[in-house]
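Colleague: Pasting structure_17.tsv here (TSV, C-alpha atoms):
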chain	number	residue	atom	x	y	z
A	1	MET	CA	58.55	85.37	161.32
A	2	ASN	CA	58.88	83.40	164.55
A	3	GLU	CA	57.10	80.14	165.24
A	4	LYS	CA	54.31	81.86	167.15
A	5	ASN	CA	53.47	84.16	164.26
A	6	ILE	CA	53.73	81.41	161.68
A	7	LEU	CA	51.33	79.25	163.66
A	8	MET	CA	48.88	82.13	164.21
A	9	LYS	CA	49.00	82.96	160.49
A	10	LYS	CA	48.22	79.34	159.70
A	11	ILE	CA	45.19	79.41	162.01
A	12	GLN	CA	43.98	82.59	160.33
A	13	GLN	CA	44.38	81.00	156.90
A	14	TYR	CA	42.45	77.90	157.97
A	15	ASP	CA	39.75	80.06	159.54
A	16	PHE	CA	39.34	82.01	156.32
A	17	THR	CA	39.20	78.87	154.18
A	18	LEU	CA	36.58	77.38	156.50
A	19	LYS	CA	34.50	80.59	156.35
A	20	GLU	CA	34.65	80.55	152.55
A	21	LEU	CA	33.54	76.91	152.47
A	22	ASN	CA	30.83	77.74	155.02
A	23	LEU	CA	29.41	80.39	152.68
A	24	TYR	CA	29.67	78.10	149.65
A	25	LEU	CA	27.96	75.26	151.48
A	26	ASP	CA	25.11	77.55	152.56
A	27	THR	CA	24.01	77.57	148.92
A	28	HIS	CA	25.45	74.19	147.86
A	29	PRO	CA	24.64	71.98	150.87
A	30	TYR	CA	25.23	68.66	149.08
A	31	CYS	CA	28.50	69.45	147.33
A	32	ARG	CA	30.75	66.57	148.36
A	33	ASN	CA	33.88	68.37	147.22
A	34	ALA	CA	33.18	71.27	149.54
A	35	LEU	CA	32.11	68.98	152.39
A	36	ALA	CA	35.30	66.95	152.11
A	37	MET	CA	37.42	70.08	151.98
A	38	PHE	CA	35.61	71.52	155.00
A	39	ALA	CA	36.32	68.34	156.99
A	40	LYS	CA	39.97	68.42	155.95
A	41	TYR	CA	40.58	72.02	157.02
A	42	ARG	CA	38.52	71.70	160.18
A	43	LYS	CA	40.95	69.01	161.32
A	44	LEU	CA	43.98	71.02	160.27
A	45	ARG	CA	42.66	74.07	162.10
A	46	GLU	CA	41.96	72.03	165.18
A	47	SER	CA	45.49	70.66	165.38
A	48	ALA	CA	47.02	74.08	164.66
A	49	VAL	CA	44.95	75.61	167.49
A	50	THR	CA	45.88	72.77	169.82
A	51	GLU	CA	49.55	73.24	169.05
A	52	TYR	CA	49.39	77.03	169.44
A	53	THR	CA	47.49	76.80	172.71
A	54	ARG	CA	49.89	74.24	174.12
A	55	LYS	CA	52.95	76.30	173.22
A	56	PHE	CA	51.85	79.90	173.55
A	57	GLY	CA	48.66	80.02	175.59
A	58	ILE	CA	44.97	80.23	174.91
A	59	ILE	CA	43.54	82.31	172.06
A	60	THR	CA	39.96	82.70	173.27
A	61	PRO	CA	38.58	82.75	176.83
A	62	GLU	CA	36.56	79.56	176.45
A	63	GLN	CA	39.78	77.61	175.92
A	64	ASN	CA	40.61	78.07	179.58
A	65	THR	CA	40.62	74.58	181.12
A	66	ASN	CA	42.60	75.39	184.24
A	67	LEU	CA	40.41	74.92	187.33
A	68	GLU	CA	42.79	76.85	189.54
A	69	SER	CA	43.42	80.04	187.62
A	70	TRP	CA	41.84	82.10	184.85
A	71	ASP	CA	44.60	81.91	182.20
A	72	TRP	CA	42.81	84.31	179.89
A	73	ILE	CA	44.18	87.36	181.71
A	74	ASP	CA	47.79	86.18	181.53
A	75	ASP	CA	49.93	88.67	179.62
A	76	PRO	CA	50.49	89.03	176.77
A	77	PHE	CA	47.06	88.87	175.17
A	78	PRO	CA	46.88	86.96	171.86
A	79	TRP	CA	46.86	90.18	169.81
A	80	GLU	CA	49.95	91.40	171.68
A	81	ARG	CA	51.98	88.28	171.06
A	82	SER	CA	54.64	88.51	168.40
B	1	MET	CA	13.60	90.69	120.01
B	2	ASN	CA	13.35	87.04	120.79
B	3	LEU	CA	11.61	86.68	124.09
B	4	ASN	CA	11.39	82.90	123.83
B	5	LEU	CA	14.57	82.84	125.82
B	6	PHE	CA	12.58	83.88	128.82
B	7	ASP	CA	9.90	81.25	128.45
B	8	ASP	CA	11.91	78.82	130.46
B	9	MET	CA	13.84	81.22	132.62
B	10	GLU	CA	12.65	79.48	135.73
B	11	GLY	CA	13.76	76.14	134.36
B	12	LEU	CA	17.08	77.66	133.41
B	13	ILE	CA	17.69	78.91	136.91
B	14	LEU	CA	16.61	75.59	138.36
B	15	ARG	CA	19.01	73.73	136.07
B	16	GLU	CA	21.83	76.07	137.02
B	17	ARG	CA	21.18	75.29	140.64
B	18	GLU	CA	20.78	71.57	140.04
B	19	ASN	CA	24.05	71.48	138.14
B	20	SER	CA	25.84	73.09	141.00
B	21	LEU	CA	24.27	70.66	143.44
B	22	ALA	CA	24.92	67.65	141.23
B	23	MET	CA	27.23	65.11	142.70
B	24	ASN	CA	28.14	63.81	139.25
B	25	THR	CA	31.69	63.08	138.34
B	26	PRO	CA	33.18	65.85	136.19
B	27	GLN	CA	33.21	63.91	132.92
B	28	ASN	CA	29.47	63.30	132.77
B	29	SER	CA	28.18	66.42	134.44
B	30	GLU	CA	26.15	68.97	132.50
B	31	VAL	CA	28.43	71.72	133.71
B	32	TYR	CA	31.50	70.16	132.21
B	33	ARG	CA	29.94	69.52	128.84
B	34	HIS	CA	28.47	72.99	128.54
B	35	GLY	CA	31.05	75.09	130.32
B	36	MET	CA	30.40	77.24	133.36
B	37	SER	CA	26.85	78.30	132.65
B	38	GLU	CA	23.62	77.19	131.08
B	39	PHE	CA	22.57	80.74	130.28
B	40	PRO	CA	21.96	81.37	126.58
B	41	GLU	CA	24.85	82.60	124.52
B	42	ASN	CA	22.92	85.57	123.18
B	43	ALA	CA	21.23	86.58	126.38
B	44	PRO	CA	18.96	89.62	125.91
B	45	LEU	CA	20.30	93.05	126.76
B	46	ALA	CA	19.48	94.97	129.91
B	47	MET	CA	18.60	91.96	131.99
B	48	ALA	CA	20.43	91.06	135.16
B	49	TYR	CA	21.92	87.60	135.54
B	50	VAL	CA	23.58	85.98	138.48
B	51	PRO	CA	25.20	82.75	137.33
B	52	PHE	CA	25.00	80.22	140.12
B	53	GLN	CA	28.47	79.37	141.35
B	54	GLN	CA	29.76	75.94	140.36
B	55	TRP	CA	32.44	74.00	142.17
B	56	GLY	CA	35.85	74.44	140.59
B	57	GLU	CA	39.44	75.33	141.36
B	58	THR	CA	40.33	76.42	144.88
B	59	TYR	CA	43.32	78.21	146.32
B	60	ASN	CA	45.37	76.81	149.14
B	61	PRO	CA	44.60	78.55	152.49
B	62	ASP	CA	47.68	80.77	152.14
B	63	ASN	CA	46.68	82.21	148.78
B	64	ALA	CA	42.99	82.29	149.72
B	65	LEU	CA	43.59	84.70	152.59
B	66	GLU	CA	45.87	86.75	150.35
B	67	CYS	CA	43.29	86.98	147.54
B	68	GLY	CA	40.27	87.43	149.79
B	69	THR	CA	38.53	84.42	148.31
B	70	LEU	CA	38.96	80.67	148.18
B	71	PHE	CA	37.81	80.56	144.57
B	72	PRO	CA	39.96	81.78	141.65
B	73	ASN	CA	36.69	82.17	139.68
B	74	LEU	CA	35.74	85.00	142.01
B	75	VAL	CA	38.90	87.03	141.55
B	76	PHE	CA	38.24	90.12	139.47
B	77	SER	CA	40.71	92.86	138.85
B	78	PHE	CA	38.34	95.72	139.57
B	79	ARG	CA	40.13	99.02	139.18
B	80	GLY	CA	38.52	102.23	140.34
B	81	GLY	CA	38.54	104.77	137.49
B	82	GLY	CA	39.47	102.22	134.86
B	83	ASP	CA	42.82	101.31	133.42
B	84	LYS	CA	44.78	104.40	134.38
Can I see the file as structure tokens?

Modeller:
Amino acid sequence: MNEKNILMKKIQQYDFTLKELNLYLDTHPYCRNALAMFAKYRKLRESAVTEYTRKFGIITPEQNTNLESWDWIDDPFPWERS
Amino acid sequence: MNLNLFDDMEGLILRERENSLAMNTPQNSEVYRHGMSEFPENAPLAMAYVPFQQWGETYNPDNALECGTLFPNLVFSFRGGGDK
């Protein structure tokens, strides 16, 4: 697996972990263990996304910060990158 | 059949939920002293129970995505058609 794929896989893993914690916290809103874990993986996801975006381009349209061009339509699209 | 078990079913469910919400340290929490569940050992037949999930072991993100859940407690080896 190249760096791009490894990084994308990591983001997907963090996303899944955060979704699982989200569902758990919906019914256990005061569980400090889950809250701490959510905070931890939110940060890890954030830095993984930042790194991916910096190296390989944006993943979702709202990440476009360029005021001169709409980077979202730059080929390849995220699901075509490998 | 002993229906006394149901007299405090509401309390039982409340305690289950409270346990799971408790911010106690593991050593003095109800859950740890009594195991996973407060439901009676000889729960009556033909009644449906949904034990309230308690915090426990978690997978790392890699294994979580692989297993389809963050919680090892929720991994069941369901096999369609049994043990063929």

Colleague: Using all atoms listed in the file, which of the listed residues (A:Arg32, A:Thr65, A:Met1, A:Asp15) sits closest to A:Thr53?

Modeller: A:Thr65

Colleague: Taking all atoms listed in the file into account, what are the residues of chain A at most 8 Å from chain B, put as JSON, numbers by chain?

Modeller: {"A": [10, 13, 14, 16, 17, 20, 21, 28, 29, 30, 31, 32, 33, 34]}

Colleague: Provide the atom CA of A:Phe38 to atom CA of A:Asn64 distance in Å, to one decimal place.

Modeller: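 Computed distance, atom CA of A:Phe38 to atom CA of A:Asn64, equals 25.9 Å.
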
Colleague: Quick check, in Å to one decimal: how far apart do atom CA of A:Asn2 and atom CA of A:Met37 lie?

Modeller: 28.2 Å

Colleague: A:Val49, A:Ser69, A:Gly57, A:Asp75: which is nearest A:Lys9, counting only C-alpha atoms?

Modeller: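 Of all the options, A:Val49 lies closest to A:Lys9.
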
Colleague: Quick one: pull the distance between atom CA of B:Arg79 and atom CA of B:Pro44, Å, one decimal.

Modeller: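 Those two atoms sit 26.7 Å apart.
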
Colleague: Which residue out of A:Phe56, A:Ala39, A:Pro61, A:Ala48 has the minimum interatomic distance to A:Pro76 when only C-alpha atoms are used?

Modeller: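 Among the listed residues, the smallest separation from A:Pro76 belongs to A:Phe56.
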